[in-house]
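Asker: So here's start37.pdb (PDB, C-alpha atoms).
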ATOM      1  CA  MET M   1     -18.399 -19.430   3.374
ATOM      2  CA  THR M   2     -15.625 -17.097   2.233
ATOM      3  CA  ASP M   3     -12.015 -18.295   2.015
ATOM      4  CA  THR M   4     -11.009 -15.921   4.797
ATOM      5  CA  GLU M   5     -13.538 -17.509   7.182
ATOM      6  CA  LYS M   6     -12.763 -21.159   6.458
ATOM      7  CA  ALA M   7     -11.448 -23.207   9.385
ATOM      8  CA  SER M   8      -7.708 -23.396   9.899
ATOM      9  CA  SER M   9      -5.872 -26.472   8.659
ATOM     10  CA  TYR M  10      -4.523 -26.730  12.205
ATOM     11  CA  ASP M  11      -6.430 -27.521  15.391
ATOM     12  CA  HIS M  12      -5.833 -27.688  19.136
ATOM     13  CA  LEU M  13      -3.486 -24.721  18.832
ATOM     14  CA  GLU M  14      -3.550 -24.235  22.590
ATOM     15  CA  GLN M  15      -1.892 -27.643  22.996
ATOM     16  CA  MET M  16       1.021 -26.810  20.702
ATOM     17  CA  SER M  17       4.496 -25.906  21.864
ATOM     18  CA  THR M  18       5.894 -22.498  20.947
ATOM     19  CA  GLU M  19       8.025 -24.084  18.225
ATOM     20  CA  GLU M  20       5.053 -25.935  16.740
ATOM     21  CA  ILE M  21       3.048 -22.716  16.609
ATOM     22  CA  LEU M  22       5.861 -20.825  14.909
ATOM     23  CA  LEU M  23       6.531 -23.599  12.402
ATOM     24  CA  GLY M  24       2.828 -23.756  11.570
ATOM     25  CA  ILE M  25       2.553 -20.003  11.013
ATOM     26  CA  ASN M  26       5.697 -20.027   8.872
ATOM     27  CA  ALA M  27       4.425 -22.943   6.788
ATOM     28  CA  GLU M  28       1.222 -21.034   6.067
ATOM     29  CA  ASP M  29       3.075 -17.819   5.232
ATOM     30  CA  VAL M  30       4.930 -19.562   2.389
ATOM     31  CA  SER M  31       1.719 -19.516   0.345
ATOM     32  CA  VAL M  32       1.408 -15.720   0.425
ATOM     33  CA  PRO M  33       3.933 -14.622  -2.245
ATOM     34  CA  VAL M  34       2.624 -17.359  -4.552
ATOM     35  CA  ALA M  35      -0.916 -15.978  -4.292
ATOM     36  CA  VAL M  36       0.356 -12.437  -4.835
ATOM     37  CA  GLY M  37       2.335 -13.556  -7.882
ATOM     38  CA  GLU M  38      -0.824 -14.909  -9.480
ATOM     39  CA  SER M  39      -2.341 -11.418  -9.195
ATOM     40  CA  ILE M  40       0.462  -9.584 -11.033
ATOM     41  CA  PRO M  41      -1.564  -9.079 -14.262
ATOM     42  CA  GLN M  42      -4.218  -7.173 -12.297
ATOM     43  CA  ILE M  43      -1.612  -5.270 -10.258
ATOM     44  CA  LYS M  44       0.097  -4.246 -13.512
ATOM     45  CA  GLU M  45      -3.182  -2.982 -14.944
ATOM     46  CA  LEU M  46      -3.763  -0.914 -11.816
ATOM     47  CA  VAL M  47      -0.227   0.543 -11.729
ATOM     48  CA  ASP M  48      -0.432   1.542 -15.395
ATOM     49  CA  GLY M  49      -3.761   3.241 -14.735
ATOM     50  CA  ILE M  50      -2.380   5.073 -11.700
ATOM     51  CA  VAL M  51       0.698   6.290 -13.589
ATOM     52  CA  GLU M  52      -1.408   7.554 -16.484
ATOM     53  CA  ARG M  53      -3.646   9.492 -14.103
ATOM     54  CA  MET M  54      -0.847  10.783 -11.883
ATOM     55  CA  LYS M  55       0.794  12.335 -14.925
ATOM     56  CA  LYS M  56      -2.355  14.445 -15.173
ATOM     57  CA  GLY M  57      -2.298  15.368 -11.478
ATOM     58  CA  GLY M  58      -4.241  12.422 -10.114
ATOM     59  CA  ARG M  59      -3.900  10.892  -6.657
ATOM     60  CA  VAL M  60      -4.371   7.468  -5.083
ATOM     61  CA  PHE M  61      -6.745   6.962  -2.170
ATOM     62  CA  TYR M  62      -6.234   3.803  -0.126
ATOM     63  CA  ILE M  63      -9.383   3.061   1.858
ATOM     64  CA  GLY M  64     -10.054   0.301   4.360
ATOM     65  CA  ALA M  65     -11.197  -0.605   7.855
ATOM     66  CA  GLY M  66      -9.255  -2.110  10.754
ATOM     67  CA  THR M  67      -6.035  -3.864   9.773
ATOM     68  CA  SER M  68      -6.690  -3.186   6.081
ATOM     69  CA  GLY M  69      -7.088   0.535   6.696
ATOM     70  CA  ARG M  70      -3.934   0.643   8.796
ATOM     71  CA  LEU M  71      -1.941  -1.030   6.034
ATOM     72  CA  GLY M  72      -3.124   1.599   3.556
ATOM     73  CA  VAL M  73      -2.292   4.475   5.899
ATOM     74  CA  THR M  74       1.182   3.001   6.503
ATOM     75  CA  ASP M  75       1.986   2.637   2.808
ATOM     76  CA  ALA M  76       0.724   6.129   1.977
ATOM     77  CA  SER M  77       2.691   7.700   4.843
ATOM     78  CA  GLU M  78       5.957   6.248   3.547
ATOM     79  CA  ILE M  79       5.770   7.906   0.119
ATOM     80  CA  PRO M  80       6.794  11.488   1.096
ATOM     81  CA  PRO M  81      10.003  10.579   2.960
ATOM     82  CA  THR M  82      10.976   7.840   0.513
ATOM     83  CA  TYR M  83      10.268   9.591  -2.781
ATOM     84  CA  GLY M  84       9.756  13.260  -1.894
ATOM     85  CA  VAL M  85       6.198  13.099  -3.243
ATOM     86  CA  HIS M  86       3.512  14.745  -1.120
ATOM     87  CA  ASP M  87      -0.286  14.410  -1.120
ATOM     88  CA  LYS M  88      -0.335  11.841  -3.929
ATOM     89  CA  PHE M  89      -0.996   8.718  -1.875
ATOM     90  CA  ILE M  90      -3.661   9.274   0.771
ATOM     91  CA  GLY M  91      -4.619   6.654   3.350
ATOM     92  CA  ILE M  92      -8.180   6.715   4.703
ATOM     93  CA  ILE M  93      -9.337   4.432   7.523
ATOM     94  CA  ALA M  94     -12.879   3.818   8.752
ATOM     95  CA  GLY M  95     -13.368   5.675  12.017
ATOM     96  CA  GLY M  96     -10.729   8.316  11.264
ATOM     97  CA  ASP M  97      -7.194   8.662  12.576
ATOM     98  CA  LYS M  98      -8.111   7.428  16.057
ATOM     99  CA  ALA M  99      -8.845   4.045  14.457
ATOM    100  CA  ILE M 100      -5.161   3.696  13.546
ATOM    101  CA  ARG M 101      -4.436   2.772  17.169
ATOM    102  CA  ASN M 102      -7.797   1.680  18.534
ATOM    103  CA  ALA M 103     -10.726  -0.252  17.095
ATOM    104  CA  VAL M 104     -13.753   1.962  16.374
ATOM    105  CA  GLU M 105     -16.887  -0.059  16.899
ATOM    106  CA  GLY M 106     -19.070  -0.420  13.788
ATOM    107  CA  ALA M 107     -16.987   1.951  11.656
ATOM    108  CA  GLU M 108     -16.720  -0.478   8.744
ATOM    109  CA  ASP M 109     -20.472  -1.100   8.595
ATOM    110  CA  ASP M 110     -21.517   2.295   7.178
ATOM    111  CA  PRO M 111     -21.775   2.060   3.355
ATOM    112  CA  GLU M 112     -22.022   5.857   2.938
ATOM    113  CA  GLN M 113     -19.137   7.070   5.103
ATOM    114  CA  GLY M 114     -16.275   5.858   2.907
ATOM    115  CA  TRP M 115     -17.231   8.087  -0.026
ATOM    116  CA  LYS M 116     -17.937  10.961   2.351
ATOM    117  CA  ASP M 117     -14.383  10.622   3.687
ATOM    118  CA  ILE M 118     -13.005  10.742   0.139
ATOM    119  CA  LEU M 119     -15.151  13.760  -0.722
ATOM    120  CA  ALA M 120     -13.234  15.745   1.898
ATOM    121  CA  PHE M 121     -10.296  15.677  -0.563
ATOM    122  CA  ASN M 122     -12.300  16.961  -3.554
ATOM    123  CA  PRO M 123     -11.750  13.907  -5.764
ATOM    124  CA  THR M 124     -11.625  14.137  -9.573
ATOM    125  CA  PRO M 125     -11.809  11.518 -12.365
ATOM    126  CA  ASP M 126      -7.992  11.584 -12.510
ATOM    127  CA  ASP M 127      -7.879  10.015  -9.041
ATOM    128  CA  THR M 128      -7.812   6.311  -8.156
ATOM    129  CA  VAL M 129      -9.471   4.577  -5.214
ATOM    130  CA  VAL M 130      -7.909   1.344  -3.978
ATOM    131  CA  GLY M 131     -10.071  -0.468  -1.476
ATOM    132  CA  ILE M 132      -8.447  -2.881   0.959
ATOM    133  CA  SER M 133     -10.656  -5.541   2.535
ATOM    134  CA  ALA M 134      -9.604  -9.108   3.283
ATOM    135  CA  SER M 135     -13.172 -10.361   2.871
ATOM    136  CA  GLY M 136     -14.029  -7.913   0.103
ATOM    137  CA  GLY M 137     -17.284  -7.270   1.867
ATOM    138  CA  ALA M 138     -16.717  -4.344   4.243
ATOM    139  CA  PRO M 139     -19.657  -1.966   3.537
ATOM    140  CA  TYR M 140     -17.440   1.088   4.194
ATOM    141  CA  VAL M 141     -15.129  -0.018   1.376
ATOM    142  CA  VAL M 142     -17.770  -1.379  -0.995
ATOM    143  CA  GLY M 143     -19.815   1.824  -0.748
ATOM    144  CA  ALA M 144     -16.764   4.000  -1.395
ATOM    145  CA  LEU M 145     -15.758   1.982  -4.455
ATOM    146  CA  ASP M 146     -19.264   2.007  -5.878
ATOM    147  CA  LYS M 147     -19.618   5.791  -5.554
ATOM    148  CA  ALA M 148     -16.077   6.415  -6.812
ATOM    149  CA  ARG M 149     -16.652   4.340  -9.931
ATOM    150  CA  ARG M 150     -19.978   6.068 -10.613
ATOM    151  CA  ASN M 151     -18.123   9.389 -10.427
ATOM    152  CA  GLY M 152     -15.518   8.368 -12.998
ATOM    153  CA  LEU M 153     -12.585   7.465 -10.722
ATOM    154  CA  LEU M 154     -10.504   4.360 -11.405
ATOM    155  CA  THR M 155     -11.266   1.755  -8.737
ATOM    156  CA  SER M 156      -9.611  -1.402  -7.438
ATOM    157  CA  ILE M 157      -9.984  -3.769  -4.503
ATOM    158  CA  ILE M 158      -7.285  -5.793  -2.752
ATOM    159  CA  SER M 159      -8.918  -8.817  -1.126
ATOM    160  CA  ALA M 160      -8.268 -12.445  -0.233
ATOM    161  CA  ASN M 161     -11.574 -13.801  -1.561
ATOM    162  CA  LYS M 162     -12.798 -14.548  -5.058
ATOM    163  CA  GLY M 163     -15.976 -12.930  -6.342
ATOM    164  CA  SER M 164     -16.587 -10.584  -3.408
ATOM    165  CA  ARG M 165     -19.061  -7.727  -3.388
ATOM    166  CA  ALA M 166     -16.178  -5.251  -3.670
ATOM    167  CA  ALA M 167     -14.880  -7.083  -6.751
ATOM    168  CA  GLU M 168     -18.277  -6.627  -8.392
ATOM    169  CA  VAL M 169     -18.127  -2.826  -8.083
ATOM    170  CA  ALA M 170     -14.388  -2.292  -8.741
ATOM    171  CA  ASP M 171     -12.793  -1.818 -12.154
ATOM    172  CA  ILE M 172      -9.746  -3.938 -11.259
ATOM    173  CA  PRO M 173     -10.219  -6.672  -8.637
ATOM    174  CA  ILE M 174      -6.948  -7.921  -7.148
ATOM    175  CA  GLU M 175      -7.771 -11.183  -5.406
ATOM    176  CA  ALA M 176      -4.829 -12.857  -3.658
ATOM    177  CA  VAL M 177      -6.459 -15.988  -2.249
ATOM    178  CA  VAL M 178      -4.143 -17.165   0.500
ATOM    179  CA  GLY M 179      -6.543 -19.704   2.019
ATOM    180  CA  PRO M 180      -7.590 -20.239   5.641
ATOM    181  CA  GLU M 181      -5.635 -18.422   8.323
ATOM    182  CA  PHE M 182      -3.555 -20.277  10.943
ATOM    183  CA  VAL M 183      -5.965 -18.881  13.531
ATOM    184  CA  THR M 184      -9.371 -19.157  11.886
ATOM    185  CA  GLY M 185     -10.571 -15.793  10.585
ATOM    186  CA  SER M 186      -7.513 -13.829  11.784
ATOM    187  CA  THR M 187      -7.044 -11.925   8.537
ATOM    188  CA  ARG M 188      -4.304  -9.714   9.972
ATOM    189  CA  MET M 189      -2.067 -12.710   9.272
ATOM    190  CA  LYS M 190      -1.747 -14.124   5.716
ATOM    191  CA  SER M 191      -4.407 -11.871   4.199
ATOM    192  CA  GLY M 192      -2.798  -8.803   5.751
ATOM    193  CA  THR M 193       0.655  -9.867   4.599
ATOM    194  CA  ALA M 194      -0.621 -10.304   1.037
ATOM    195  CA  ALA M 195      -2.202  -6.836   1.112
ATOM    196  CA  LYS M 196       1.049  -5.316   2.413
ATOM    197  CA  LEU M 197       3.066  -6.940  -0.387
ATOM    198  CA  ILE M 198       0.610  -5.703  -3.017
ATOM    199  CA  LEU M 199       0.603  -2.155  -1.634
ATOM    200  CA  ASN M 200       4.418  -2.181  -1.729
ATOM    201  CA  MET M 201       4.270  -3.227  -5.367
ATOM    202  CA  ILE M 202       1.700  -0.598  -6.346
ATOM    203  CA  SER M 203       3.378   2.426  -4.783
ATOM    204  CA  THR M 204       6.959   1.384  -5.559
ATOM    205  CA  ALA M 205       6.243   0.563  -9.202
ATOM    206  CA  ALA M 206       4.309   3.809  -9.652
ATOM    207  CA  MET M 207       7.098   5.911  -8.156
ATOM    208  CA  ILE M 208       9.714   4.210 -10.333
ATOM    209  CA  ARG M 209       7.597   4.702 -13.459
ATOM    210  CA  LEU M 210       7.149   8.375 -12.563
ATOM    211  CA  GLY M 211      10.893   8.974 -12.365
ATOM    212  CA  HIS M 212      11.616   9.070  -8.647
ATOM    213  CA  VAL M 213      14.251   6.331  -8.828
ATOM    214  CA  LYS M 214      17.496   6.529 -10.801
ATOM    215  CA  GLY M 215      19.293   3.240 -11.351
ATOM    216  CA  ASN M 216      18.133   1.625  -8.123
ATOM    217  CA  ARG M 217      18.355   4.657  -5.848
ATOM    218  CA  MET M 218      15.752   6.954  -4.256
ATOM    219  CA  VAL M 219      17.062  10.234  -5.640
ATOM    220  CA  ASP M 220      14.194  12.347  -4.258
ATOM    221  CA  MET M 221      14.093  11.002  -0.694
ATOM    222  CA  GLN M 222      13.735  13.505   2.124
ATOM    223  CA  LEU M 223      16.669  14.126   4.447
ATOM    224  CA  THR M 224      14.773  13.488   7.655
ATOM    225  CA  ASN M 225      17.561  11.916   9.712
ATOM    226  CA  SER M 226      21.321  11.354   9.780
ATOM    227  CA  LYS M 227      21.030   7.869   8.265
ATOM    228  CA  LEU M 228      19.315   9.283   5.177
ATOM    229  CA  VAL M 229      21.825  12.137   4.892
ATOM    230  CA  ASP M 230      24.621   9.551   4.934
ATOM    231  CA  ARG M 231      22.805   7.415   2.348
ATOM    232  CA  GLY M 232      22.234  10.447   0.131
ATOM    233  CA  THR M 233      25.871  11.494   0.422
ATOM    234  CA  ARG M 234      27.028   8.075  -0.729
ATOM    235  CA  MET M 235      24.552   8.164  -3.611
ATOM    236  CA  ILE M 236      26.070  11.447  -4.794
ATOM    237  CA  MET M 237      29.577   9.998  -4.558
ATOM    238  CA  TYR M 238      28.485   6.982  -6.594
ATOM    239  CA  GLU M 239      26.684   9.031  -9.257
ATOM    240  CA  THR M 240      29.338  11.716  -9.700
ATOM    241  CA  GLY M 241      32.601   9.988  -8.902
ATOM    242  CA  LEU M 242      33.328  12.394  -6.044
ATOM    243  CA  THR M 243      35.725  10.876  -3.522
ATOM    244  CA  ASP M 244      35.431  13.577  -0.862
ATOM    245  CA  TYR M 245      32.629  12.567   1.524
ATOM    246  CA  ASP M 246      32.355  16.013   3.125
ATOM    247  CA  GLN M 247      32.107  17.740  -0.260
ATOM    248  CA  ALA M 248      29.305  15.389  -1.328
ATOM    249  CA  ARG M 249      27.519  15.850   1.992
ATOM    250  CA  ASN M 250      27.726  19.629   1.756
ATOM    251  CA  LEU M 251      26.273  19.508  -1.764
ATOM    252  CA  LEU M 252      23.407  17.341  -0.530
ATOM    253  CA  LEU M 253      22.579  19.668   2.352
ATOM    254  CA  LYS M 254      22.848  22.717   0.103
ATOM    255  CA  TYR M 255      20.524  21.434  -2.625
ATOM    256  CA  GLY M 256      18.212  19.318  -0.473
ATOM    257  CA  SER M 257      18.078  16.159  -2.587
ATOM    258  CA  VAL M 258      20.359  13.716  -4.380
ATOM    259  CA  ARG M 259      18.826  14.626  -7.724
ATOM    260  CA  SER M 260      19.394  18.389  -7.311
ATOM    261  CA  ALA M 261      22.912  17.933  -5.956
ATOM    262  CA  VAL M 262      23.925  15.725  -8.888
ATOM    263  CA  GLU M 263      22.338  18.077 -11.407
ATOM    264  CA  SER M 264      24.260  21.000  -9.886
ATOM    265  CA  LEU M 265      27.504  19.330 -10.901
ATOM    266  CA  LYS M 266      26.347  18.830 -14.449
TER     267      LYS M 266
END
For this file, write the structure as structure tokens.
Answerer:
Amino acid sequence: MTDTEKASSYDHLEQMSTEEILLGINAEDVSVPVAVGESIPQIKELVDGIVERMKKGGRVFYIGAGTSGRLGVTDASEIPPTYGVHDKFIGIIAGGDKAIRNAVEGAEDDPEQGWKDILAFNPTPDDTVVGISASGGAPYVVGALDKARRNGLLTSIISANKGSRAAEVADIPIEAVVGPEFVTGSTRMKSGTAAKLILNMISTAAMIRLGHVKGNRMVDMQLTNSKLVDRGTRMIMYETGLTDYDQARNLLLKYGSVRSAVESLK
């Protein structure tokens, strides 16, 4: 039996009070960052590989089914507004975009479809495929990783089980073993949280290494709303010593990014 399918350490959940349920979930969640921390050597290896390939034009494909696929799509969708980088992180979910909101029956069981979905983007050996599967056994993900590796792409799997089928076919297995879920088998809980933390680490570290952060600020973020315009204006004031808010804001709107506005003053 896989770790993600082992019985919960808690029982008779339906007899618990609301507070008991919440305390139990919280107690289990404490184990997640510890498990992720133990995987940092593998995460580092993956980030270094991604950065090396992105410098040559490579991309990252996140691929998963159900909750795992949704987590990948979410992380990938945040990269353009946060770092001004487009079409470099691509989220693919079994069953297509409609599966983001609704379960698509049997979508994760096709071992051929995952690679077919990646092929639509004309992959090259400079690209990286990161599979996301709590069990590490989703055929959609395993098949995609196997084909990607055979075609020279760097491959990795984020899972919550040791020694899964996906780990056998991936170059860099990232296995954050968080143990049984509070509700037995509900991997959207601790396993999903671990995957989210790891995805944050991968994309954030890669973007920093590729120069999209200066100091601790997102100098290439897109100005998609008034909050971000205000944040960008204050970044310019901090970086340049300008004290006139309106002048800094006008520079930001003129040049379109914090980086360009600051460089214009130099």
Asker: Tell me which protein, DNA and RNA residues are within 9 Å of segment 50-62 of chain M, counting all atoms listed in the file, leaving out same-chain ones fewer than 6 positions away, and put them as an MDAnalysis selection string.
Answerer: chainID M and resid 69 71:73 75:76 87:93 118 123:132 154 202 206:207 209:210
Asker: Could you write out as a PyMOL selection string the residues that the PyMOL selection byres ((chain M and resi 25) around 10) matches in the shown file?
Answerer: chain M and resi 10+19-24+26-30+181-183+189-190
Asker: Could you check how far atom CA of Met221 of chain M sits from atom CA of Asp48 of chain M, in Å to one decimal?
Answerer: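 Computing the Euclidean distance for atom CA of Met221 of chain M and atom CA of Asp48 of chain M yields 22.7 Å.
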Asker: Give me the residues near Ala107 of chain M as number ranges by chain, where near means some atom within 9 Å (using all atoms listed in the file) and where sequence neighbours in that chain fewer than 3 positions away do not count.
Answerer: M: 65-66, 94-96, 99, 103-104, 110, 113, 140
Asker: Taking into account all atoms listed in the file, which residue in the set M:Pro111, M:Gly256, M:Pro180, M:Gly64 is nearest to Asp220 of chain M?
Answerer: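 The answer is M:Gly256, which sits nearest to Asp220 of chain M.
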Asker: Return the single residue from M:Ala205, M:Gly152, M:Thr184, M:Ala138 that is closest to Ser164 of chain M, with distances computed using only C-alpha atoms.
Answerer: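 Among the listed residues, the smallest separation from Ser164 of chain M belongs to M:Ala138.
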Asker: Anything within 6 Å of (-12.1, -17.5, 7.0): list those residues as a list in words, counting only C-alpha atoms and sticking to the file's coordinates.
Answerer: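 Residues lying no farther than 6 Å from the given point: Thr2, Asp3, Thr4, Glu5, Lys6, Pro180, Thr184 and Gly185 of chain M.
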Asker: Between M:Thr82, M:His12, M:Arg70, M:Gly241, which has the minimum distance to Asn102 of chain M (counting all atoms listed in the file)?
Answerer: M:Arg70
Asker: Name the residues that the PyMOL selection byres ((chain M and resi 222) around 6) picks from the file above, as number ranges by chain, using the file's chain letters and numbers.
Answerer: M: 81, 84, 221, 223-224
Asker: Quick one: contact table of segment 241-266 of chain M to segment 225-235 of chain M, 9 Å max, nearest atom pair and distance in Å to one decimal per residue, counting only C-alpha atoms, chain and number order, as a Markdown table?
Answerer:
| residue | atom | partner | partner_atom | distance |
| --- | --- | --- | --- | --- |
| M:Tyr245 | CA | M:Thr233 | CA | 6.9 |
| M:Asp246 | CA | M:Thr233 | CA | 8.4 |
| M:Gln247 | CA | M:Thr233 | CA | 8.9 |
| M:Ala248 | CA | M:Thr233 | CA | 5.5 |
| M:Arg249 | CA | M:Thr233 | CA | 4.9 |
| M:Asn250 | CA | M:Thr233 | CA | 8.4 |
| M:Leu251 | CA | M:Thr233 | CA | 8.3 |
| M:Leu252 | CA | M:Thr233 | CA | 6.4 |
| M:Leu253 | CA | M:Val229 | CA | 8.0 |
| M:Ser257 | CA | M:Gly232 | CA | 7.6 |
| M:Val258 | CA | M:Gly232 | CA | 5.9 |
Asker: Could those selected residues go to a file with C-alpha atoms, as an mmCIF file, in the frame of the given file?
Answerer:
data_model
loop_
_atom_site.group_PDB
_atom_site.id
_atom_site.type_symbol
_atom_site.label_atom_id
_atom_site.label_comp_id
_atom_site.auth_asym_id
_atom_site.auth_seq_id
_atom_site.Cartn_x
_atom_site.Cartn_y
_atom_site.Cartn_z
ATOM 1 C CA TYR M 245 32.629 12.567 1.524
ATOM 2 C CA ASP M 246 32.355 16.013 3.125
ATOM 3 C CA GLN M 247 32.107 17.740 -0.260
ATOM 4 C CA ALA M 248 29.305 15.389 -1.328
ATOM 5 C CA ARG M 249 27.519 15.850 1.992
ATOM 6 C CA ASN M 250 27.726 19.629 1.756
ATOM 7 C CA LEU M 251 26.273 19.508 -1.764
ATOM 8 C CA LEU M 252 23.407 17.341 -0.530
ATOM 9 C CA LEU M 253 22.579 19.668 2.352
ATOM 10 C CA SER M 257 18.078 16.159 -2.587
ATOM 11 C CA VAL M 258 20.359 13.716 -4.380
#
Asker: So, with all atoms listed in the file as the atoms that count, which of M:Ser68, M:Ser156, M:Ser203, M:Asn216 lies closest to Glu45 of chain M?
Answerer: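 Among the listed residues, the smallest separation from Glu45 of chain M belongs to M:Ser156.
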Asker: What does the distance from atom CA of Met218 of chain M to atom CA of Ile157 of chain M come to in Å, to one decimal?
Answerer: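 Interatomic distance, atom CA of Met218 of chain M to atom CA of Ile157 of chain M: 27.9 Å.
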Asker: One number please: atom CA of Ala148 of chain M to atom CA of Ser77 of chain M, in Å, one decimal.
Answerer: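 So the two atoms, atom CA of Ala148 of chain M and atom CA of Ser77 of chain M, lie 22.1 Å apart.
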Asker: With distances taken over only C-alpha atoms, which residue among M:Ile158, M:Val178, M:Ile100, M:Ala7 lies nearest Lys196 of chain M?
Answerer: M:Ile158
Asker: Write out as a ChimeraX atom specification the residues lying within 7 Å of Ala166 of chain M, counting only C-alpha atoms and excluding same-chain residues fewer than 2 positions away.
Answerer: /M:136-137,142,157,164,168-170
Asker: Report the residues retrieved by the PyMOL selection byres ((chain M and resi 36-41) around 12) from the displayed file, expressed as a tab-separated table (two decimals) with C-alpha atoms, keeping the file's coordinate frame.
Answerer:
chain	number	residue	atom	x	y	z
M	29	ASP	CA	3.08	-17.82	5.23
M	30	VAL	CA	4.93	-19.56	2.39
M	31	SER	CA	1.72	-19.52	0.34
M	32	VAL	CA	1.41	-15.72	0.42
M	33	PRO	CA	3.93	-14.62	-2.24
M	34	VAL	CA	2.62	-17.36	-4.55
M	35	ALA	CA	-0.92	-15.98	-4.29
M	42	GLN	CA	-4.22	-7.17	-12.30
M	43	ILE	CA	-1.61	-5.27	-10.26
M	44	LYS	CA	0.10	-4.25	-13.51
M	45	GLU	CA	-3.18	-2.98	-14.94
M	46	LEU	CA	-3.76	-0.91	-11.82
M	47	VAL	CA	-0.23	0.54	-11.73
M	48	ASP	CA	-0.43	1.54	-15.40
M	157	ILE	CA	-9.98	-3.77	-4.50
M	158	ILE	CA	-7.28	-5.79	-2.75
M	159	SER	CA	-8.92	-8.82	-1.13
M	160	ALA	CA	-8.27	-12.44	-0.23
M	162	LYS	CA	-12.80	-14.55	-5.06
M	172	ILE	CA	-9.75	-3.94	-11.26
M	173	PRO	CA	-10.22	-6.67	-8.64
M	174	ILE	CA	-6.95	-7.92	-7.15
M	175	GLU	CA	-7.77	-11.18	-5.41
M	176	ALA	CA	-4.83	-12.86	-3.66
M	177	VAL	CA	-6.46	-15.99	-2.25
M	178	VAL	CA	-4.14	-17.16	0.50
M	190	LYS	CA	-1.75	-14.12	5.72
M	191	SER	CA	-4.41	-11.87	4.20
M	192	GLY	CA	-2.80	-8.80	5.75
M	193	THR	CA	0.66	-9.87	4.60
M	194	ALA	CA	-0.62	-10.30	1.04
M	195	ALA	CA	-2.20	-6.84	1.11
M	196	LYS	CA	1.05	-5.32	2.41
M	197	LEU	CA	3.07	-6.94	-0.39
M	198	ILE	CA	0.61	-5.70	-3.02
M	199	LEU	CA	0.60	-2.15	-1.63
M	200	ASN	CA	4.42	-2.18	-1.73
M	201	MET	CA	4.27	-3.23	-5.37
M	202	ILE	CA	1.70	-0.60	-6.35
M	205	ALA	CA	6.24	0.56	-9.20
